[in-house]
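In what follows, a structure is listed as C-alpha coordinates, so that the remarks can point back to it.
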Amino acid sequence: MEKWNHTSSDFILLGLFPLNQTGHLLLFLTILIFIIASVGNLTMIHLIRLDSHLHTPMYLLLSQLSLMDLMYISTTVPKMAFNFLSGQKGISFLGCGVQSFFFLTMAGSEGLILASMAYDRYVAICHPLHYPSRMGTRTCVKMIIGSWTLGSINSLAHTVYALHIPYCRSRAIDHFFCDVPAMLPLACIDTWVYEDMVFVSTTLFLLLPFLGITASYGRVLFVVYHMHSKEGRRKASTTCSTHLTVVTFYYMPFVFTYLQPRNLRSPTEDKILAVFYTTLTPMLNPIIYSLKNKEVLGAMTRVFGKSSSLK
(Lines give C-alpha, C1' and ligand atoms only; values in the text may rest on other atoms or scores of the structure.)
Protein backbone atom coordinates (compact mmCIF):
# COMPACT_ATOMS: atom_id res chain seq x y z
CA MET A 1 0.00 0.00 0.00
CA GLU A 2 2.78 2.45 0.86
CA LYS A 3 4.46 1.77 -2.48
CA TRP A 4 1.21 2.43 -4.31
CA ASN A 5 0.68 5.66 -2.38
CA HIS A 6 4.04 7.09 -3.36
CA THR A 7 4.21 5.94 -6.98
CA SER A 8 0.70 6.76 -8.19
CA SER A 9 -1.31 9.94 -8.41
CA ASP A 10 -4.58 7.97 -8.38
CA PHE A 11 -6.94 7.70 -5.42
CA ILE A 12 -8.56 4.83 -3.55
CA LEU A 13 -12.27 4.92 -2.71
CA LEU A 14 -12.84 2.90 0.45
CA GLY A 15 -16.49 2.43 -0.52
CA LEU A 16 -19.75 2.20 1.35
CA PHE A 17 -20.46 -1.48 1.99
CA PRO A 18 -18.48 -4.22 3.77
CA LEU A 19 -17.09 -7.04 1.61
CA ASN A 20 -19.42 -9.72 2.96
CA GLN A 21 -22.90 -11.13 2.36
CA THR A 22 -24.56 -8.07 3.92
CA GLY A 23 -22.55 -5.83 1.63
CA HIS A 24 -23.67 -7.80 -1.44
CA LEU A 25 -27.31 -7.51 -0.34
CA LEU A 26 -26.99 -3.75 0.21
CA LEU A 27 -25.31 -3.36 -3.18
CA PHE A 28 -28.15 -5.29 -4.83
CA LEU A 29 -30.67 -2.91 -3.22
CA THR A 30 -28.60 0.07 -4.38
CA ILE A 31 -28.52 -1.21 -7.96
CA LEU A 32 -32.28 -1.78 -7.79
CA ILE A 33 -32.75 1.80 -6.59
CA PHE A 34 -30.49 2.97 -9.43
CA ILE A 35 -32.65 1.16 -12.00
CA ILE A 36 -35.90 2.53 -10.52
CA ALA A 37 -34.46 6.06 -10.40
CA SER A 38 -33.19 5.87 -13.98
CA VAL A 39 -36.48 4.53 -15.36
CA GLY A 40 -38.53 6.99 -13.31
CA ASN A 41 -36.57 10.07 -14.32
CA LEU A 42 -36.32 9.05 -17.97
CA THR A 43 -40.08 8.45 -17.99
CA MET A 44 -40.73 11.89 -16.50
CA ILE A 45 -38.49 13.57 -19.09
CA HIS A 46 -40.18 11.56 -21.87
CA LEU A 47 -43.70 12.47 -20.71
CA ILE A 48 -42.96 16.18 -20.41
CA ARG A 49 -41.35 16.22 -23.85
CA LEU A 50 -44.21 14.41 -25.61
CA ASP A 51 -47.35 15.64 -23.85
CA SER A 52 -48.37 19.17 -24.84
CA HIS A 53 -50.42 19.57 -21.64
CA LEU A 54 -47.14 19.54 -19.70
CA HIS A 55 -45.43 22.23 -21.78
CA THR A 56 -45.65 24.78 -18.97
CA PRO A 57 -42.90 26.44 -16.87
CA MET A 58 -43.57 24.19 -13.89
CA TYR A 59 -43.07 20.99 -15.89
CA LEU A 60 -40.13 22.37 -17.87
CA LEU A 61 -38.43 22.97 -14.53
CA LEU A 62 -39.49 19.50 -13.38
CA SER A 63 -37.92 17.96 -16.50
CA GLN A 64 -34.63 19.65 -15.59
CA LEU A 65 -34.90 18.32 -12.04
CA SER A 66 -35.36 14.81 -13.46
CA LEU A 67 -32.35 15.26 -15.76
CA MET A 68 -30.21 16.43 -12.83
CA ASP A 69 -31.37 13.50 -10.68
CA LEU A 70 -30.53 11.09 -13.50
CA MET A 71 -27.02 12.55 -13.84
CA TYR A 72 -26.68 12.73 -10.05
CA ILE A 73 -27.17 9.03 -9.43
CA SER A 74 -25.23 8.06 -12.57
CA THR A 75 -22.19 9.98 -11.31
CA THR A 76 -21.74 7.91 -8.16
CA VAL A 77 -23.54 4.56 -8.15
CA PRO A 78 -22.07 2.83 -11.27
CA LYS A 79 -18.48 3.49 -10.17
CA MET A 80 -19.23 2.35 -6.62
CA ALA A 81 -20.88 -0.85 -7.90
CA PHE A 82 -18.03 -1.56 -10.34
CA ASN A 83 -15.38 -1.14 -7.62
CA PHE A 84 -17.27 -3.40 -5.21
CA LEU A 85 -17.92 -6.18 -7.73
CA SER A 86 -14.45 -6.07 -9.30
CA GLY A 87 -12.61 -5.90 -5.99
CA GLN A 88 -10.83 -2.77 -7.19
CA LYS A 89 -11.02 0.47 -5.26
CA GLY A 90 -8.96 2.77 -7.44
CA ILE A 91 -10.11 5.82 -9.33
CA SER A 92 -7.80 7.82 -11.56
CA PHE A 93 -6.79 11.37 -10.72
CA LEU A 94 -8.69 12.65 -13.78
CA GLY A 95 -11.67 10.39 -13.08
CA CYS A 96 -11.87 11.72 -9.54
CA GLY A 97 -11.90 15.27 -10.87
CA VAL A 98 -14.63 14.50 -13.42
CA GLN A 99 -16.76 12.76 -10.80
CA SER A 100 -16.32 15.63 -8.36
CA PHE A 101 -17.20 18.21 -11.04
CA PHE A 102 -20.44 16.54 -12.11
CA PHE A 103 -21.50 15.79 -8.54
CA LEU A 104 -20.96 19.39 -7.40
CA THR A 105 -22.61 20.76 -10.55
CA MET A 106 -25.74 18.73 -9.90
CA ALA A 107 -25.72 19.68 -6.21
CA GLY A 108 -25.61 23.42 -6.87
CA SER A 109 -27.87 23.41 -9.92
CA GLU A 110 -30.55 21.27 -8.32
CA GLY A 111 -30.78 23.58 -5.32
CA LEU A 112 -31.37 26.52 -7.67
CA ILE A 113 -33.92 24.60 -9.75
CA LEU A 114 -35.88 23.71 -6.60
CA ALA A 115 -35.88 27.40 -5.66
CA SER A 116 -37.11 28.28 -9.18
CA MET A 117 -39.93 25.74 -8.84
CA ALA A 118 -40.92 27.29 -5.50
CA TYR A 119 -41.00 30.75 -7.11
CA ASP A 120 -43.14 29.37 -9.95
CA ARG A 121 -45.71 28.03 -7.46
CA TYR A 122 -45.58 31.28 -5.48
CA VAL A 123 -46.44 33.37 -8.56
CA ALA A 124 -49.08 30.89 -9.80
CA ILE A 125 -50.95 30.81 -6.47
CA CYS A 126 -50.31 34.24 -4.98
CA HIS A 127 -50.28 36.32 -8.20
CA PRO A 128 -52.22 34.28 -10.78
CA LEU A 129 -53.09 37.30 -12.97
CA HIS A 130 -49.39 38.17 -13.32
CA TYR A 131 -48.29 34.58 -13.95
CA PRO A 132 -48.08 34.79 -17.79
CA SER A 133 -45.87 37.89 -17.64
CA ARG A 134 -43.70 36.89 -14.65
CA MET A 135 -43.27 33.18 -15.48
CA GLY A 136 -43.28 32.97 -19.25
CA THR A 137 -41.22 30.50 -21.27
CA ARG A 138 -38.39 33.01 -21.67
CA THR A 139 -38.15 33.54 -17.90
CA CYS A 140 -38.24 29.79 -17.33
CA VAL A 141 -35.41 29.21 -19.84
CA LYS A 142 -33.35 31.92 -18.15
CA MET A 143 -33.84 30.20 -14.78
CA ILE A 144 -32.75 26.87 -16.24
CA ILE A 145 -29.67 28.29 -17.97
CA GLY A 146 -28.78 30.29 -14.85
CA SER A 147 -29.06 27.23 -12.61
CA TRP A 148 -26.80 25.12 -14.84
CA THR A 149 -24.29 27.93 -15.38
CA LEU A 150 -23.94 28.97 -11.73
CA GLY A 151 -23.79 25.34 -10.61
CA SER A 152 -21.04 24.59 -13.16
CA ILE A 153 -18.94 27.66 -12.25
CA ASN A 154 -19.14 26.86 -8.54
CA SER A 155 -18.29 23.21 -9.22
CA LEU A 156 -15.34 24.08 -11.45
CA ALA A 157 -13.82 26.32 -8.76
CA HIS A 158 -14.05 23.60 -6.10
CA THR A 159 -12.81 20.84 -8.41
CA VAL A 160 -9.80 22.83 -9.65
CA TYR A 161 -8.84 23.64 -6.06
CA ALA A 162 -9.18 20.00 -4.98
CA LEU A 163 -7.01 18.77 -7.84
CA HIS A 164 -4.28 21.30 -7.05
CA ILE A 165 -4.00 20.42 -3.35
CA PRO A 166 -0.68 18.67 -2.62
CA TYR A 167 -1.55 15.22 -1.27
CA CYS A 168 1.31 13.76 0.73
CA ARG A 169 -0.57 11.31 2.95
CA SER A 170 -2.47 8.15 2.08
CA ARG A 171 -4.65 8.62 -1.00
CA ALA A 172 -7.46 6.49 0.44
CA ILE A 173 -10.66 8.57 0.41
CA ASP A 174 -13.02 7.37 3.13
CA HIS A 175 -16.09 7.71 0.93
CA PHE A 176 -17.79 5.98 -2.03
CA PHE A 177 -17.18 8.89 -4.43
CA CYS A 178 -14.78 11.81 -4.77
CA ASP A 179 -16.42 14.25 -2.38
CA VAL A 180 -14.10 17.24 -1.85
CA PRO A 181 -14.61 17.49 1.97
CA ALA A 182 -13.65 13.80 2.24
CA MET A 183 -10.44 14.53 0.28
CA LEU A 184 -9.29 17.42 2.48
CA PRO A 185 -7.95 15.25 5.36
CA LEU A 186 -5.47 13.75 2.87
CA ALA A 187 -3.87 17.12 2.09
CA CYS A 188 -0.49 18.03 3.52
CA ILE A 189 -1.38 21.71 3.83
CA ASP A 190 -3.75 23.53 6.13
CA THR A 191 -7.12 23.75 4.34
CA TRP A 192 -9.03 25.93 6.80
CA VAL A 193 -9.37 28.73 4.21
CA TYR A 194 -10.96 26.33 1.75
CA GLU A 195 -13.25 24.91 4.43
CA ASP A 196 -14.52 28.45 4.98
CA MET A 197 -15.08 28.66 1.21
CA VAL A 198 -17.11 25.44 1.37
CA PHE A 199 -19.24 27.01 4.12
CA VAL A 200 -19.81 30.16 2.02
CA SER A 201 -20.59 28.13 -1.10
CA THR A 202 -23.02 25.91 0.80
CA THR A 203 -24.72 28.99 2.19
CA LEU A 204 -25.11 30.57 -1.26
CA PHE A 205 -26.24 27.46 -3.14
CA LEU A 206 -28.16 25.57 -0.46
CA LEU A 207 -29.07 27.64 2.57
CA LEU A 208 -30.21 30.82 0.78
CA PRO A 209 -32.32 28.91 -1.80
CA PHE A 210 -33.80 26.91 1.07
CA LEU A 211 -34.73 30.12 2.90
CA GLY A 212 -36.24 31.44 -0.35
CA ILE A 213 -38.26 28.26 -0.74
CA THR A 214 -39.44 28.49 2.86
CA ALA A 215 -40.49 32.13 2.41
CA SER A 216 -42.30 31.33 -0.87
CA TYR A 217 -44.27 28.48 0.60
CA GLY A 218 -44.98 30.38 3.79
CA ARG A 219 -46.72 32.98 1.64
CA VAL A 220 -48.39 30.27 -0.46
CA LEU A 221 -49.80 28.49 2.60
CA PHE A 222 -51.15 31.79 3.90
CA VAL A 223 -52.98 32.41 0.62
CA VAL A 224 -54.21 28.79 0.42
CA TYR A 225 -55.60 29.01 3.95
CA HIS A 226 -57.75 31.99 2.91
CA MET A 227 -59.02 30.43 -0.34
CA HIS A 228 -62.80 30.08 -0.64
CA SER A 229 -62.68 27.32 -3.24
CA LYS A 230 -62.19 23.89 -1.68
CA GLU A 231 -61.00 22.46 -5.01
CA GLY A 232 -58.45 25.25 -5.44
CA ARG A 233 -57.29 24.83 -1.87
CA ARG A 234 -56.89 21.07 -2.33
CA LYS A 235 -54.99 21.40 -5.60
CA ALA A 236 -52.65 24.08 -4.22
CA SER A 237 -52.05 22.12 -1.02
CA THR A 238 -51.23 18.95 -2.98
CA THR A 239 -48.74 20.79 -5.19
CA CYS A 240 -47.06 22.48 -2.22
CA SER A 241 -46.85 19.34 -0.09
CA THR A 242 -45.29 17.44 -3.01
CA HIS A 243 -42.61 20.06 -3.55
CA LEU A 244 -41.91 20.51 0.16
CA THR A 245 -41.42 16.75 0.55
CA VAL A 246 -38.83 16.76 -2.25
CA VAL A 247 -37.11 19.85 -0.79
CA THR A 248 -36.89 18.29 2.68
CA PHE A 249 -35.37 15.04 1.39
CA TYR A 250 -32.83 16.98 -0.66
CA TYR A 251 -31.73 19.77 1.67
CA MET A 252 -31.63 18.24 5.13
CA PRO A 253 -28.74 15.76 4.52
CA PHE A 254 -26.74 18.51 2.77
CA VAL A 255 -27.21 20.91 5.68
CA PHE A 256 -26.04 18.34 8.22
CA THR A 257 -23.07 17.35 6.05
CA TYR A 258 -21.69 20.66 4.80
CA LEU A 259 -22.69 23.23 7.43
CA GLN A 260 -21.33 21.30 10.39
CA PRO A 261 -17.65 21.71 11.34
CA ARG A 262 -15.55 18.74 10.25
CA ASN A 263 -14.62 17.84 13.83
CA LEU A 264 -18.31 17.26 14.62
CA ARG A 265 -18.78 14.81 11.73
CA SER A 266 -17.53 11.30 11.12
CA PRO A 267 -16.81 9.67 7.72
CA THR A 268 -19.52 7.07 8.43
CA GLU A 269 -22.13 9.75 9.06
CA ASP A 270 -21.10 11.61 5.90
CA LYS A 271 -21.45 8.46 3.81
CA ILE A 272 -24.87 7.59 5.24
CA LEU A 273 -26.17 11.12 4.66
CA ALA A 274 -24.69 11.10 1.14
CA VAL A 275 -26.83 8.07 0.31
CA PHE A 276 -29.94 10.25 0.74
CA TYR A 277 -29.02 12.96 -1.74
CA THR A 278 -27.10 10.83 -4.24
CA THR A 279 -29.32 7.73 -4.33
CA LEU A 280 -32.64 7.89 -2.49
CA THR A 281 -33.72 11.39 -3.55
CA PRO A 282 -33.25 10.74 -7.31
CA MET A 283 -35.43 7.63 -6.91
CA LEU A 284 -38.14 9.29 -4.79
CA ASN A 285 -38.57 12.51 -6.79
CA PRO A 286 -40.29 11.04 -9.89
CA ILE A 287 -42.40 8.76 -7.67
CA ILE A 288 -43.56 11.64 -5.48
CA TYR A 289 -44.31 13.93 -8.42
CA SER A 290 -46.20 11.26 -10.36
CA LEU A 291 -48.27 9.64 -7.62
CA LYS A 292 -49.56 12.95 -6.21
CA ASN A 293 -50.04 14.78 -9.52
CA LYS A 294 -53.15 14.19 -11.60
CA GLU A 295 -51.68 16.01 -14.62
CA VAL A 296 -48.67 13.66 -14.72
CA LEU A 297 -50.92 10.61 -14.27
CA GLY A 298 -53.13 11.91 -17.08
CA ALA A 299 -50.07 12.37 -19.31
CA MET A 300 -49.04 8.77 -18.61
CA THR A 301 -52.48 7.58 -19.72
CA ARG A 302 -52.40 9.67 -22.89
CA VAL A 303 -48.82 8.89 -23.92
CA PHE A 304 -48.58 5.21 -22.96
CA GLY A 305 -52.22 4.55 -23.87
CA LYS A 306 -51.56 5.95 -27.34
CA SER A 307 -48.42 3.81 -27.65
CA SER A 308 -50.27 0.61 -26.72
CA SER A 309 -53.16 1.39 -29.08
CA LEU A 310 -50.73 1.81 -31.99
CA LYS A 311 -49.49 -1.73 -31.42
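Convention: chains lettered A, B, ... in C-alpha coordinates order; per-chain residue numbering from 1; ligands numbered from 1 as shown.
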
key: Shell around Met106 in chain A at 12 Å using only C-alpha atoms, local window under 3 positions removed, as a PyMOL selection string   = chain A and resi 64-76+99-103+109-114+147-156+205-206+250+277-278+282

query = Any idea what's packed within 9 Å of Leu60 in chain A, counting only C-alpha atoms, ignoring anything in its chain fewer than 5 positions away? Could you give it as JSON, numbers by chain?
reply = {"A": [48, 49, 54, 55, 65, 137, 140, 141, 144]}

Exercise: Lys271 in chain A partners within 8 Å, only C-alpha atoms, chain neighbours under 5 positions left out, as a PyMOL selection string = chain A and resi 16+175-176

message = With only C-alpha atoms as the counted atoms, please give the residues lying no more than 10 Å from Ile287 in chain A, apart from itself and same-chain residues fewer than 5 positions off, as number ranges by chain.
response = A: 36-37, 40-41, 44, 281-282, 292-293

Residues as selected, N, CA, C and O atoms, written as a PDB file, in the first residue's frame, can you do that?
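This went into result_10.pdb:
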```
ATOM      1  N   ILE A  36     -34.612   1.861 -10.710  1.00  0.00           N
ATOM      2  CA  ILE A  36     -35.903   2.533 -10.519  1.00  0.00           C
ATOM      3  C   ILE A  36     -35.764   4.034 -10.762  1.00  0.00           C
ATOM      4  O   ILE A  36     -36.600   4.659 -11.423  1.00  0.00           O
ATOM      5  N   ALA A  37     -34.682   4.618 -10.224  1.00  0.00           N
ATOM      6  CA  ALA A  37     -34.460   6.061 -10.397  1.00  0.00           C
ATOM      7  C   ALA A  37     -34.249   6.406 -11.865  1.00  0.00           C
ATOM      8  O   ALA A  37     -34.788   7.412 -12.367  1.00  0.00           O
ATOM      9  N   GLY A  40     -37.588   5.965 -13.729  1.00  0.00           N
ATOM     10  CA  GLY A  40     -38.533   6.994 -13.307  1.00  0.00           C
ATOM     11  C   GLY A  40     -38.214   8.362 -13.872  1.00  0.00           C
ATOM     12  O   GLY A  40     -39.097   9.057 -14.399  1.00  0.00           O
ATOM     13  N   ASN A  41     -36.954   8.753 -13.819  1.00  0.00           N
ATOM     14  CA  ASN A  41     -36.571  10.073 -14.320  1.00  0.00           C
ATOM     15  C   ASN A  41     -36.616  10.147 -15.842  1.00  0.00           C
ATOM     16  O   ASN A  41     -37.020  11.163 -16.413  1.00  0.00           O
ATOM     17  N   MET A  44     -40.244  10.534 -16.737  1.00  0.00           N
ATOM     18  CA  MET A  44     -40.726  11.894 -16.498  1.00  0.00           C
ATOM     19  C   MET A  44     -40.273  12.839 -17.611  1.00  0.00           C
ATOM     20  O   MET A  44     -41.062  13.635 -18.122  1.00  0.00           O
ATOM     21  N   THR A 281     -32.959  10.259  -3.012  1.00  0.00           N
ATOM     22  CA  THR A 281     -33.721  11.395  -3.546  1.00  0.00           C
ATOM     23  C   THR A 281     -33.975  11.270  -5.042  1.00  0.00           C
ATOM     24  O   THR A 281     -35.102  11.493  -5.502  1.00  0.00           O
ATOM     25  N   PRO A 282     -32.966  10.922  -5.880  1.00  0.00           N
ATOM     26  CA  PRO A 282     -33.248  10.741  -7.309  1.00  0.00           C
ATOM     27  C   PRO A 282     -34.287   9.664  -7.604  1.00  0.00           C
ATOM     28  O   PRO A 282     -34.982   9.732  -8.621  1.00  0.00           O
ATOM     29  N   LYS A 292     -48.722  11.904  -6.801  1.00  0.00           N
ATOM     30  CA  LYS A 292     -49.556  12.950  -6.208  1.00  0.00           C
ATOM     31  C   LYS A 292     -49.925  14.038  -7.218  1.00  0.00           C
ATOM     32  O   LYS A 292     -50.369  15.116  -6.842  1.00  0.00           O
ATOM     33  N   ASN A 293     -49.781  13.757  -8.508  1.00  0.00           N
ATOM     34  CA  ASN A 293     -50.039  14.777  -9.518  1.00  0.00           C
ATOM     35  C   ASN A 293     -50.950  14.209 -10.598  1.00  0.00           C
ATOM     36  O   ASN A 293     -50.551  13.347 -11.384  1.00  0.00           O
TER      37      ASN A 293
END
```

ask   = Which residue, A:Tyr225, A:Phe93, A:Phe28, A:Tyr161, has the smallest gap to Ile125 in chain A when you use only C-alpha atoms?
value = A:Tyr225

Point-to-point distance from CA of Leu61 in chain A to CA of Val223 in chain A, Å rounded to tenths = 23.0 Å

Per-residue DSSP, range 81-230 of chain A, filtered to alpha helix (DSSP H), as a ChimeraX atom specification = /A:81-86,93-126,131-134,137-164,180-183,192-202,208-225,230

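For range 295-307 of chain A, the non-local neighbours within 8 Å, defined as residues at least 3 positions apart in the same chain or in other chains and counting only C-alpha atoms, are Leu47, Leu50, Asp51, His53, Leu54, Tyr289, Ser290, Leu291, Leu310 and Lys311 of chain A.
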
task = Would you kindly return, as an MDAnalysis selection string, each protein, DNA or RNA residue with an atom no farther than 7 Å from any atom of Met135 in chain A, considering only C-alpha atoms and excluding same-chain residues fewer than 3 positions away?
result = chainID A and resid 57 120 131:132 139:140

remark   = Restricting to only C-alpha atoms, whichever of A:Leu26, A:Met283, A:Ala157, A:Ala172 is closest to Ser201 in chain A is A:Ala157

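With distances restricted to only C-alpha atoms, A:Cys240 is the closest residue to Arg219 in chain A from A:Tyr167, A:Cys240, A:Ser92, A:Thr257.
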
query = Expressed in Å to a single decimal, how great is the separation between CA of Gly212 in chain A and CA of Ala118 in chain A?
reply = 8.1 Å

ask   = From the list A:Asp10, A:Thr30, A:Ile288, A:Gly108, which residue is nearest Val77 in chain A when using only C-alpha atoms?
value =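 Of all the options, A:Thr30 lies closest to Val77 in chain A.
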
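Each of A:Phe276, A:Phe222, A:Trp192, A:Tyr119 was checked against Ser237 in chain A using only C-alpha atoms; the smallest atom-to-atom distance is that of A:Phe222.
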
inquiry  = When you count only C-alpha atoms, which of these residues is closest to Lys79 in chain A: A:Leu204, A:Gly95, A:Ala182, A:Pro128?
reply    =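 Under the stated criterion, the closest residue is A:Gly95.
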